[in-house]
file final.csv (CSV, C-alpha atoms)
chain,number,residue,atom,x,y,z
A,197,MET,CA,-43.3,33.2,-77.4
A,198,PRO,CA,-41.0,36.0,-78.6
A,199,HIS,CA,-42.5,38.8,-80.5
A,200,ASP,CA,-41.5,39.2,-84.1
A,201,THR,CA,-39.5,42.3,-84.9
A,202,PRO,CA,-41.4,44.4,-87.5
A,203,PRO,CA,-39.5,44.5,-90.8
A,204,VAL,CA,-37.6,47.7,-91.6
A,205,ASN,CA,-39.2,49.6,-94.4
A,206,PRO,CA,-36.4,50.8,-96.6
A,207,ASN,CA,-38.7,53.3,-98.3
A,208,ALA,CA,-39.5,54.9,-95.0
A,209,LYS,CA,-35.8,55.3,-94.2
A,210,ARG,CA,-35.2,56.8,-97.6
A,211,THR,CA,-38.1,59.2,-97.2
A,212,ALA,CA,-36.8,60.4,-93.8
A,213,ARG,CA,-33.3,60.9,-95.2
A,214,GLU,CA,-34.7,62.9,-98.2
A,215,GLU,CA,-36.8,65.0,-95.9
A,216,ARG,CA,-33.8,65.8,-93.7
A,217,ARG,CA,-31.7,66.6,-96.7
A,218,ALA,CA,-34.4,69.0,-98.0
A,219,GLU,CA,-34.6,70.6,-94.5
A,220,ARG,CA,-30.8,71.1,-94.5
A,221,ARG,CA,-30.9,72.6,-98.0
A,222,ALA,CA,-33.6,75.0,-97.0
A,223,GLU,CA,-31.6,76.0,-93.9
A,224,MET,CA,-28.6,76.8,-96.2
A,225,VAL,CA,-30.7,78.8,-98.6
A,226,ALA,CA,-31.9,80.9,-95.6
A,227,ALA,CA,-28.3,81.3,-94.5
A,228,ALA,CA,-27.3,82.3,-98.1
A,229,MET,CA,-30.1,85.0,-98.1
A,230,ASP,CA,-28.7,86.4,-94.8
A,231,ALA,CA,-25.2,86.4,-96.2
A,232,VAL,CA,-26.4,88.4,-99.3
A,233,ARG,CA,-28.1,90.9,-97.0
A,234,ARG,CA,-24.9,91.2,-95.0
A,235,HIS,CA,-22.3,91.2,-97.8
A,236,GLY,CA,-24.2,92.4,-100.8
A,237,PRO,CA,-24.8,90.8,-104.2
A,238,GLY,CA,-21.1,90.0,-104.7
A,239,VAL,CA,-21.1,87.6,-101.7
A,240,SER,CA,-18.8,84.7,-102.0
A,241,VAL,CA,-19.6,81.1,-101.4
A,242,ALA,CA,-17.1,81.2,-98.5
A,243,ASP,CA,-19.1,84.0,-96.9
A,244,ILE,CA,-22.3,82.0,-97.4
A,245,ALA,CA,-20.7,78.9,-95.8
A,246,ALA,CA,-19.5,81.0,-92.9
A,247,VAL,CA,-22.9,82.4,-92.2
A,248,ALA,CA,-24.4,78.9,-92.4
A,249,GLY,CA,-21.7,77.7,-89.9
A,250,ILE,CA,-20.4,75.0,-92.3
A,251,THR,CA,-17.5,74.6,-94.8
A,252,LYS,CA,-17.7,75.0,-98.5
A,253,PRO,CA,-17.4,71.2,-99.2
A,254,VAL,CA,-20.4,70.6,-96.9
A,255,LEU,CA,-22.4,73.4,-98.7
A,256,TYR,CA,-21.6,71.8,-102.1
A,257,ARG,CA,-23.0,68.5,-100.9
A,258,HIS,CA,-26.4,70.1,-101.2
A,259,PHE,CA,-25.9,72.3,-104.3
A,260,THR,CA,-24.2,71.2,-107.5
A,261,ASP,CA,-22.6,74.6,-108.0
A,262,ARG,CA,-22.9,78.3,-107.3
A,263,ALA,CA,-25.6,78.6,-110.0
A,264,ASP,CA,-27.7,76.0,-108.3
A,265,LEU,CA,-27.4,77.9,-105.0
A,266,GLN,CA,-28.2,81.2,-106.7
A,267,ARG,CA,-31.2,79.6,-108.4
A,268,ALA,CA,-32.5,78.4,-105.0
A,269,VAL,CA,-32.0,81.8,-103.4
A,270,GLY,CA,-33.7,83.4,-106.4
A,271,GLU,CA,-36.8,81.2,-106.1
A,272,GLN,CA,-37.1,82.2,-102.4
A,273,ALA,CA,-36.6,85.9,-103.2
A,274,ALA,CA,-39.2,85.7,-106.1
A,275,GLY,CA,-41.6,84.1,-103.7
A,276,LEU,CA,-41.3,86.9,-101.3
A,277,LEU,CA,-41.9,89.4,-104.0
A,278,MET,CA,-44.9,87.6,-105.4
A,279,ALA,CA,-46.4,87.3,-102.0
A,280,ARG,CA,-46.5,91.1,-102.0
A,281,ILE,CA,-47.8,91.6,-105.5
A,282,ALA,CA,-50.4,88.8,-105.8
A,283,PRO,CA,-52.9,90.4,-103.4
A,284,ALA,CA,-52.9,93.6,-105.4
A,285,LEU,CA,-53.6,91.8,-108.6
A,286,THR,CA,-56.2,89.5,-107.3
A,287,GLY,CA,-57.9,91.8,-104.8
A,288,GLN,CA,-61.3,93.4,-105.4
A,289,LEU,CA,-60.1,96.9,-106.0
A,290,GLU,CA,-61.1,99.7,-108.4
A,291,PRO,CA,-59.0,99.4,-111.6
A,292,ALA,CA,-56.9,102.5,-111.0
A,293,GLU,CA,-56.4,101.5,-107.4
A,294,GLN,CA,-55.3,98.0,-108.5
A,295,VAL,CA,-52.7,99.5,-110.8
A,296,ARG,CA,-51.3,101.6,-108.0
A,297,ALA,CA,-51.4,98.8,-105.5
A,298,ALA,CA,-49.4,96.5,-107.8
A,299,ILE,CA,-46.8,99.1,-108.5
A,300,ASP,CA,-46.3,100.0,-104.9
A,301,ALA,CA,-46.1,96.4,-103.9
A,302,PHE,CA,-43.3,95.7,-106.3
A,303,LEU,CA,-41.4,98.8,-105.3
A,304,ALA,CA,-41.9,98.0,-101.6
A,305,GLY,CA,-40.5,94.5,-102.2
A,306,ILE,CA,-37.3,95.6,-103.9
A,307,GLU,CA,-36.9,98.5,-101.3
A,308,GLU,CA,-37.2,96.0,-98.4
A,309,GLU,CA,-34.7,93.5,-100.0
A,310,PRO,CA,-32.4,95.6,-102.3
A,311,GLN,CA,-29.4,93.3,-101.9
A,312,LEU,CA,-31.4,90.2,-102.7
A,313,TRP,CA,-32.9,91.9,-105.7
A,314,ARG,CA,-29.5,92.9,-107.0
A,315,PHE,CA,-28.1,89.4,-106.3
A,316,VAL,CA,-30.8,87.7,-108.3
A,317,VAL,CA,-31.1,90.2,-111.1
A,318,HIS,CA,-27.7,91.9,-111.5
A,319,ASN,CA,-25.1,89.4,-110.2
A,320,PRO,CA,-22.6,89.3,-113.2
A,321,ALA,CA,-21.0,86.0,-111.9
A,322,GLU,CA,-24.2,84.0,-112.4
A,323,ARG,CA,-26.4,86.2,-114.5
A,324,GLY,CA,-28.0,83.2,-116.3
A,325,ALA,CA,-29.4,81.6,-113.2
A,326,GLY,CA,-30.7,84.9,-111.9
A,327,ALA,CA,-32.2,85.9,-115.2
A,328,GLU,CA,-34.1,82.6,-115.3
A,329,ILE,CA,-35.8,83.3,-112.0
A,330,VAL,CA,-36.6,86.9,-112.8
A,331,ASP,CA,-38.1,85.8,-116.2
A,332,ASP,CA,-40.3,83.3,-114.4
A,333,ALA,CA,-41.5,85.9,-111.8
A,334,ARG,CA,-42.0,88.5,-114.6
A,335,GLU,CA,-44.0,85.9,-116.6
A,336,THR,CA,-46.2,85.1,-113.7
A,337,ILE,CA,-47.0,88.7,-113.0
A,338,ALA,CA,-47.6,89.5,-116.6
A,339,ARG,CA,-49.9,86.5,-117.0
A,340,MET,CA,-52.0,87.7,-114.0
A,341,LEU,CA,-52.1,91.2,-115.4
A,342,ALA,CA,-52.9,90.0,-118.9
A,343,THR,CA,-55.8,87.9,-117.5
A,344,LEU,CA,-57.1,91.0,-115.6
A,345,LEU,CA,-56.9,93.2,-118.7
A,346,GLY,CA,-58.4,90.6,-121.0
A,347,GLU,CA,-61.3,89.9,-118.7
A,348,ARG,CA,-62.2,93.6,-118.4
A,349,LEU,CA,-61.8,94.2,-122.2
A,350,ARG,CA,-64.0,91.2,-123.1
A,351,ALA,CA,-66.6,92.2,-120.5
A,352,GLN,CA,-66.9,95.5,-122.4
A,353,GLY,CA,-67.1,93.8,-125.8
A,354,ARG,CA,-63.6,95.1,-126.7
A,355,ASP,CA,-60.7,93.5,-128.5
A,356,SER,CA,-58.5,91.7,-125.9
A,357,GLY,CA,-55.9,90.6,-128.4
A,358,GLY,CA,-53.3,93.0,-127.1
A,359,ALA,CA,-53.7,92.2,-123.4
A,360,GLU,CA,-50.7,89.9,-123.1
A,361,ALA,CA,-48.4,92.3,-125.0
A,362,TRP,CA,-49.5,95.2,-122.9
A,363,ALA,CA,-49.1,93.3,-119.7
A,364,HIS,CA,-45.5,92.4,-120.5
A,365,GLY,CA,-44.7,95.9,-121.6
A,366,LEU,CA,-46.1,97.3,-118.3
A,367,VAL,CA,-44.2,94.8,-116.2
A,368,GLY,CA,-41.0,95.6,-118.0
A,369,MET,CA,-41.4,99.3,-117.6
A,370,VAL,CA,-42.1,99.1,-113.9
A,371,GLN,CA,-39.1,96.8,-113.4
A,372,SER,CA,-36.8,99.1,-115.3
A,373,ALA,CA,-38.0,102.2,-113.4
A,374,GLY,CA,-37.6,100.3,-110.1
A,375,ASP,CA,-34.0,99.4,-111.0
A,376,TRP,CA,-33.2,103.1,-111.7
A,377,TRP,CA,-34.9,104.3,-108.5
A,378,LEU,CA,-33.2,101.7,-106.3
A,379,GLU,CA,-29.8,103.1,-107.5
A,380,ARG,CA,-30.6,106.8,-107.7
A,381,ARG,CA,-33.3,107.4,-105.0
A,382,THR,CA,-34.0,110.9,-106.4
A,383,MET,CA,-37.6,110.7,-105.3
A,384,THR,CA,-39.6,108.9,-102.6
A,385,ARG,CA,-41.2,105.5,-103.3
A,386,ALA,CA,-44.7,107.2,-103.0
A,387,ALA,CA,-43.7,109.8,-105.7
A,388,LEU,CA,-42.4,107.1,-108.1
A,389,THR,CA,-45.6,105.1,-107.5
A,390,ASP,CA,-47.7,108.2,-108.3
A,391,TYR,CA,-45.7,108.9,-111.5
A,392,LEU,CA,-45.8,105.4,-112.8
A,393,THR,CA,-49.5,105.0,-111.9
A,394,ALA,CA,-50.4,108.2,-113.7
A,395,LEU,CA,-48.6,107.1,-116.9
A,396,ILE,CA,-49.8,103.5,-116.8
A,397,TRP,CA,-53.4,104.3,-115.8
A,398,SER,CA,-53.8,106.9,-118.6
A,399,GLY,CA,-52.9,104.2,-121.1
A,400,VAL,CA,-55.0,101.4,-119.5
A,401,ALA,CA,-58.0,103.7,-119.1
A,402,GLY,CA,-57.7,104.6,-122.7
A,403,VAL,CA,-57.7,101.0,-123.8
A,404,LEU,CA,-60.5,100.1,-121.5
A,405,GLY,CA,-62.5,103.1,-122.4
A,406,VAL,CA,-62.8,104.1,-118.7
A,407,ASP,CA,-63.7,107.6,-117.6
A,408,THR,CA,-60.6,109.0,-115.8
A,409,GLY,CA,-62.6,111.3,-113.6
A,410,PRO,CA,-61.4,112.8,-110.3
A,411,ARG,CA,-61.8,109.6,-108.3
A,412,GLU,CA,-59.6,107.6,-110.7
A,413,GLN,CA,-57.0,110.4,-110.9
A,414,ARG,CA,-56.6,110.4,-107.2
A,415,ALA,CA,-55.4,106.8,-107.3
A,416,GLY,CA,-52.4,108.0,-109.3
A,417,GLY,CA,-52.1,111.3,-107.4
A,418,PRO,CA,-52.5,114.7,-109.1
A,419,LEU,CA,-49.2,115.5,-110.8
A,420,ARG,CA,-48.1,119.1,-111.2
A,421,LEU,CA,-45.2,119.8,-113.5
A,422,ILE,CA,-43.2,122.7,-112.1
A,423,PRO,CA,-41.1,124.6,-114.7
A,424,SER,CA,-37.5,125.5,-113.8
A,425,ALA,CA,-36.8,128.8,-112.1
A,426,GLY,CA,-35.3,130.2,-115.3
A,427,ASP,CA,-38.4,129.4,-117.3
A,428,PRO,CA,-40.7,132.4,-117.9
A,429,ALA,CA,-43.7,130.2,-117.1
A,430,GLY,CA,-42.0,129.3,-113.8
A,431,ARG,CA,-41.6,133.0,-112.9
A,432,GLN,CA,-45.1,133.7,-113.8
A,433,GLU,CA,-46.4,130.8,-111.7
A,434,ALA,CA,-44.3,132.1,-108.7
A,435,ASP,CA,-45.7,135.6,-109.2
A,436,HIS,CA,-49.3,134.3,-109.0
A,437,ALA,CA,-48.6,132.0,-106.1
call {"tool": "encode", "arguments": {"input": "final.csv", "output": "structure tokens"}}
result
Amino acid sequence: MPHDTPPVNPNAKRTAREERRAERRAEMVAAAMDAVRRHGPGVSVADIAAVAGITKPVLYRHFTDRADLQRAVGEQAAGLLMARIAPALTGQLEPAEQVRAAIDAFLAGIEEEPQLWRFVVHNPAERGAGAEIVDDARETIARMLATLLGERLRAQGRDSGGAEAWAHGLVGMVQSAGDWWLERRTMTRAALTDYLTALIWSGVAGVLGVDTGPREQRAGGPLRLIPSAGDPAGRQEADHA
């Protein structure tokens, strides 16, 4: 007696096809990221297709337009950045050390992937798509920071109403300083981290009512403002050195 052939499940075939399509899309996003690293934020779709080893029409079978492709790259880039920053915000660190770790993690992320950062944030061709991803990442970081500040304030019986506003302000300041540093490189990453930590921690410590003794100050690094050579105070400092 012949065996019956099991019926073909159309849902299984559709699922397999969708999985393969998702895999191909992920491969193209990875190729696009490599193309950005190679060609910079002004990379063309033709450059991306060439790195992927396909033609532009094939690329556009998986993305509706350039903005869709940029959004997918932005999501991946934001994920890489968040993977660096999240441990600093969720780790069991002293408050000042936590501030410093988060700042350094962000700066390290944009330093490691400067072309991707510029592509997502500053690409004039598709600024809308990039801004959307950056806004999402910034909101996520600010929300985590606001939670951290709010919890510490409430634990001390203090007003936590400004935690969210402070968090967004701090995130915006660090991002702006990071953009400036990435273009100018007039100081090391460690120095910029120290300067930003000193400024931010002094404000956070004031809000939290924390004693900024020597141990906390070391987290931001002791900062010494050196007058210019033409300044009398500078000559006096040099004479006593």
call {"tool": "atom_distance", "arguments": {"input": "final.csv", "atom1": "CA of Asp230 (chain A)", "atom2": "CA of Ala263 (chain A)"}}
result
17.4 Å
call {"tool": "atom_distance", "arguments": {"input": "final.csv", "atom1": "CA of Glu271 (chain A)", "atom2": "CA of Arg381 (chain A)"}}
result
26.5 Å
call {"tool": "closest_residue", "arguments": {"input": "final.csv", "among": "A:Ala273, A:Ala212, A:Leu395, A:Val232", "to": "Met369 (chain A)", "atoms": "only C-alpha atoms"}}
result
A:Leu395
call {"tool": "atom_distance", "arguments": {"input": "final.csv", "atom1": "CA of Ala228 (chain A)", "atom2": "CA of Thr336 (chain A)"}}
result
24.7 Å
call {"tool": "residues_around", "arguments": {"input": "final.csv", "residues": "Lys252 (chain A)", "least_positions_apart": "5", "cutoff": "9 Å", "atoms": "only C-alpha atoms", "output": "ChimeraX atom specification"}}
result
/A:241-242,244-246,257
call {"tool": "closest_residue", "arguments": {"input": "final.csv", "among": "A:Val317, A:Ser372, A:Leu404, A:His258", "to": "Arg217 (chain A)", "atoms": "all atoms listed in the file"}}
result
A:His258
call {"tool": "residues_around", "arguments": {"input": "final.csv", "residues": "Ala298 (chain A)", "least_positions_apart": "4", "cutoff": "7 Å", "atoms": "only C-alpha atoms", "output": "count of residues only"}}
result
5
call {"tool": "residues_near_point", "arguments": {"input": "final.csv", "point": "(-44.1, 99.9, -119.1)", "cutoff": "12 Å", "atoms": "all atoms listed in the file", "output": "compact mmCIF listing (two decimals) with C-alpha atoms, in the coordinates of the input"}}
result
# COMPACT_ATOMS: atom_id res chain seq x y z
CA VAL A 295 -52.70 99.50 -110.80
CA ILE A 299 -46.80 99.10 -108.50
CA ALA A 338 -47.60 89.50 -116.60
CA ALA A 361 -48.40 92.30 -125.00
CA TRP A 362 -49.50 95.20 -122.90
CA ALA A 363 -49.10 93.30 -119.70
CA HIS A 364 -45.50 92.40 -120.50
CA GLY A 365 -44.70 95.90 -121.60
CA LEU A 366 -46.10 97.30 -118.30
CA VAL A 367 -44.20 94.80 -116.20
CA GLY A 368 -41.00 95.60 -118.00
CA MET A 369 -41.40 99.30 -117.60
CA VAL A 370 -42.10 99.10 -113.90
CA GLN A 371 -39.10 96.80 -113.40
CA SER A 372 -36.80 99.10 -115.30
CA ALA A 373 -38.00 102.20 -113.40
CA GLY A 374 -37.60 100.30 -110.10
CA TYR A 391 -45.70 108.90 -111.50
CA LEU A 392 -45.80 105.40 -112.80
CA THR A 393 -49.50 105.00 -111.90
CA ALA A 394 -50.40 108.20 -113.70
CA LEU A 395 -48.60 107.10 -116.90
CA ILE A 396 -49.80 103.50 -116.80
CA TRP A 397 -53.40 104.30 -115.80
CA SER A 398 -53.80 106.90 -118.60
CA GLY A 399 -52.90 104.20 -121.10
CA VAL A 400 -55.00 101.40 -119.50
call {"tool": "build_atoms", "arguments": {"input": "final.csv", "residues": "region 347-358 of chain A", "atoms": "all heavy atoms", "output": "JSON list (two decimals), keeping the file's coordinate frame"}}
result
[["chain", "number", "residue", "atom", "x", "y", "z"],
["A", 347, "GLU", "N", -59.98, 90.08, -119.24],
["A", 347, "GLU", "CA", -61.30, 89.90, -118.70],
["A", 347, "GLU", "C", -62.12, 91.22, -118.78],
["A", 347, "GLU", "O", -63.30, 91.23, -119.14],
["A", 347, "GLU", "CB", -61.27, 89.40, -117.27],
["A", 347, "GLU", "CG", -60.84, 87.94, -117.16],
["A", 347, "GLU", "CD", -60.67, 87.51, -115.72],
["A", 347, "GLU", "OE1", -60.70, 88.39, -114.82],
["A", 347, "GLU", "OE2", -60.52, 86.28, -115.48],
["A", 348, "ARG", "N", -61.47, 92.30, -118.41],
["A", 348, "ARG", "CA", -62.20, 93.60, -118.40],
["A", 348, "ARG", "C", -62.50, 94.05, -119.83],
["A", 348, "ARG", "O", -63.56, 94.62, -120.09],
["A", 348, "ARG", "CB", -61.32, 94.65, -117.70],
["A", 348, "ARG", "CG", -61.19, 94.39, -116.20],
["A", 348, "ARG", "CD", -60.46, 95.52, -115.50],
["A", 348, "ARG", "NE", -60.27, 95.26, -114.08],
["A", 348, "ARG", "CZ", -61.18, 95.47, -113.13],
["A", 348, "ARG", "NH1", -62.37, 95.95, -113.48],
["A", 348, "ARG", "NH2", -60.92, 95.22, -111.87],
["A", 349, "LEU", "N", -61.58, 93.78, -120.76],
["A", 349, "LEU", "CA", -61.80, 94.20, -122.20],
["A", 349, "LEU", "C", -62.98, 93.34, -122.74],
["A", 349, "LEU", "O", -63.87, 93.88, -123.40],
["A", 349, "LEU", "CB", -60.56, 93.97, -122.98],
["A", 349, "LEU", "CG", -59.46, 95.00, -122.76],
["A", 349, "LEU", "CD1", -58.14, 94.51, -123.34],
["A", 349, "LEU", "CD2", -59.84, 96.34, -123.39],
["A", 350, "ARG", "N", -62.97, 92.05, -122.52],
["A", 350, "ARG", "CA", -64.00, 91.20, -123.10],
["A", 350, "ARG", "C", -65.38, 91.50, -122.44],
["A", 350, "ARG", "O", -66.41, 91.42, -123.11],
["A", 350, "ARG", "CB", -63.66, 89.72, -122.85],
["A", 350, "ARG", "CG", -62.56, 89.22, -123.78],
["A", 350, "ARG", "CD", -62.35, 87.72, -123.68],
["A", 350, "ARG", "NE", -61.78, 87.34, -122.39],
["A", 350, "ARG", "CZ", -60.47, 87.32, -122.14],
["A", 350, "ARG", "NH1", -59.61, 87.66, -123.09],
["A", 350, "ARG", "NH2", -60.03, 86.94, -120.95],
["A", 351, "ALA", "N", -65.35, 91.87, -121.15],
["A", 351, "ALA", "CA", -66.60, 92.20, -120.50],
["A", 351, "ALA", "C", -67.25, 93.45, -121.13],
["A", 351, "ALA", "O", -68.47, 93.62, -121.07],
["A", 351, "ALA", "CB", -66.36, 92.48, -119.00],
["A", 352, "GLN", "N", -66.41, 94.29, -121.75],
["A", 352, "GLN", "CA", -66.90, 95.50, -122.40],
["A", 352, "GLN", "C", -67.10, 95.29, -123.91],
["A", 352, "GLN", "O", -67.37, 96.25, -124.64],
["A", 352, "GLN", "CB", -65.97, 96.67, -122.16],
["A", 352, "GLN", "CG", -65.84, 97.05, -120.69],
["A", 352, "GLN", "CD", -64.82, 98.14, -120.46],
["A", 352, "GLN", "OE1", -64.33, 98.75, -121.40],
["A", 352, "GLN", "NE2", -64.50, 98.40, -119.21],
["A", 353, "GLY", "N", -66.91, 94.06, -124.37],
["A", 353, "GLY", "CA", -67.10, 93.80, -125.80],
["A", 353, "GLY", "C", -65.95, 94.36, -126.62],
["A", 353, "GLY", "O", -66.12, 94.60, -127.82],
["A", 354, "ARG", "N", -64.78, 94.56, -126.03],
["A", 354, "ARG", "CA", -63.60, 95.10, -126.70],
["A", 354, "ARG", "C", -62.63, 94.08, -127.14],
["A", 354, "ARG", "O", -62.63, 92.96, -126.61],
["A", 354, "ARG", "CB", -62.97, 96.22, -125.89],
["A", 354, "ARG", "CG", -63.85, 97.43, -125.62],
["A", 354, "ARG", "CD", -63.18, 98.38, -124.63],
["A", 354, "ARG", "NE", -63.99, 99.57, -124.39],
["A", 354, "ARG", "CZ", -63.92, 100.67, -125.11],
["A", 354, "ARG", "NH1", -63.08, 100.76, -126.12],
["A", 354, "ARG", "NH2", -64.69, 101.70, -124.83],
["A", 355, "ASP", "N", -61.72, 94.45, -128.03],
["A", 355, "ASP", "CA", -60.70, 93.50, -128.50],
["A", 355, "ASP", "C", -59.66, 93.32, -127.38],
["A", 355, "ASP", "O", -59.06, 94.26, -126.87],
["A", 355, "ASP", "CB", -59.98, 94.17, -129.72],
["A", 355, "ASP", "CG", -58.81, 93.34, -130.21],
["A", 355, "ASP", "OD1", -58.73, 92.15, -129.85],
["A", 355, "ASP", "OD2", -57.96, 93.89, -130.95],
["A", 356, "SER", "N", -59.46, 92.06, -127.00],
["A", 356, "SER", "CA", -58.50, 91.70, -125.90],
["A", 356, "SER", "C", -57.22, 91.13, -126.47],
["A", 356, "SER", "O", -56.40, 90.62, -125.71],
["A", 356, "SER", "CB", -59.16, 90.74, -124.94],
["A", 356, "SER", "OG", -59.47, 89.52, -125.60],
["A", 357, "GLY", "N", -57.03, 91.21, -127.77],
["A", 357, "GLY", "CA", -55.90, 90.60, -128.40],
["A", 357, "GLY", "C", -54.53, 91.14, -127.91],
["A", 357, "GLY", "O", -53.53, 90.44, -127.90],
["A", 358, "GLY", "N", -54.51, 92.40, -127.49],
["A", 358, "GLY", "CA", -53.30, 93.00, -127.10],
["A", 358, "GLY", "C", -52.98, 92.89, -125.58],
["A", 358, "GLY", "O", -51.96, 93.41, -125.10]]
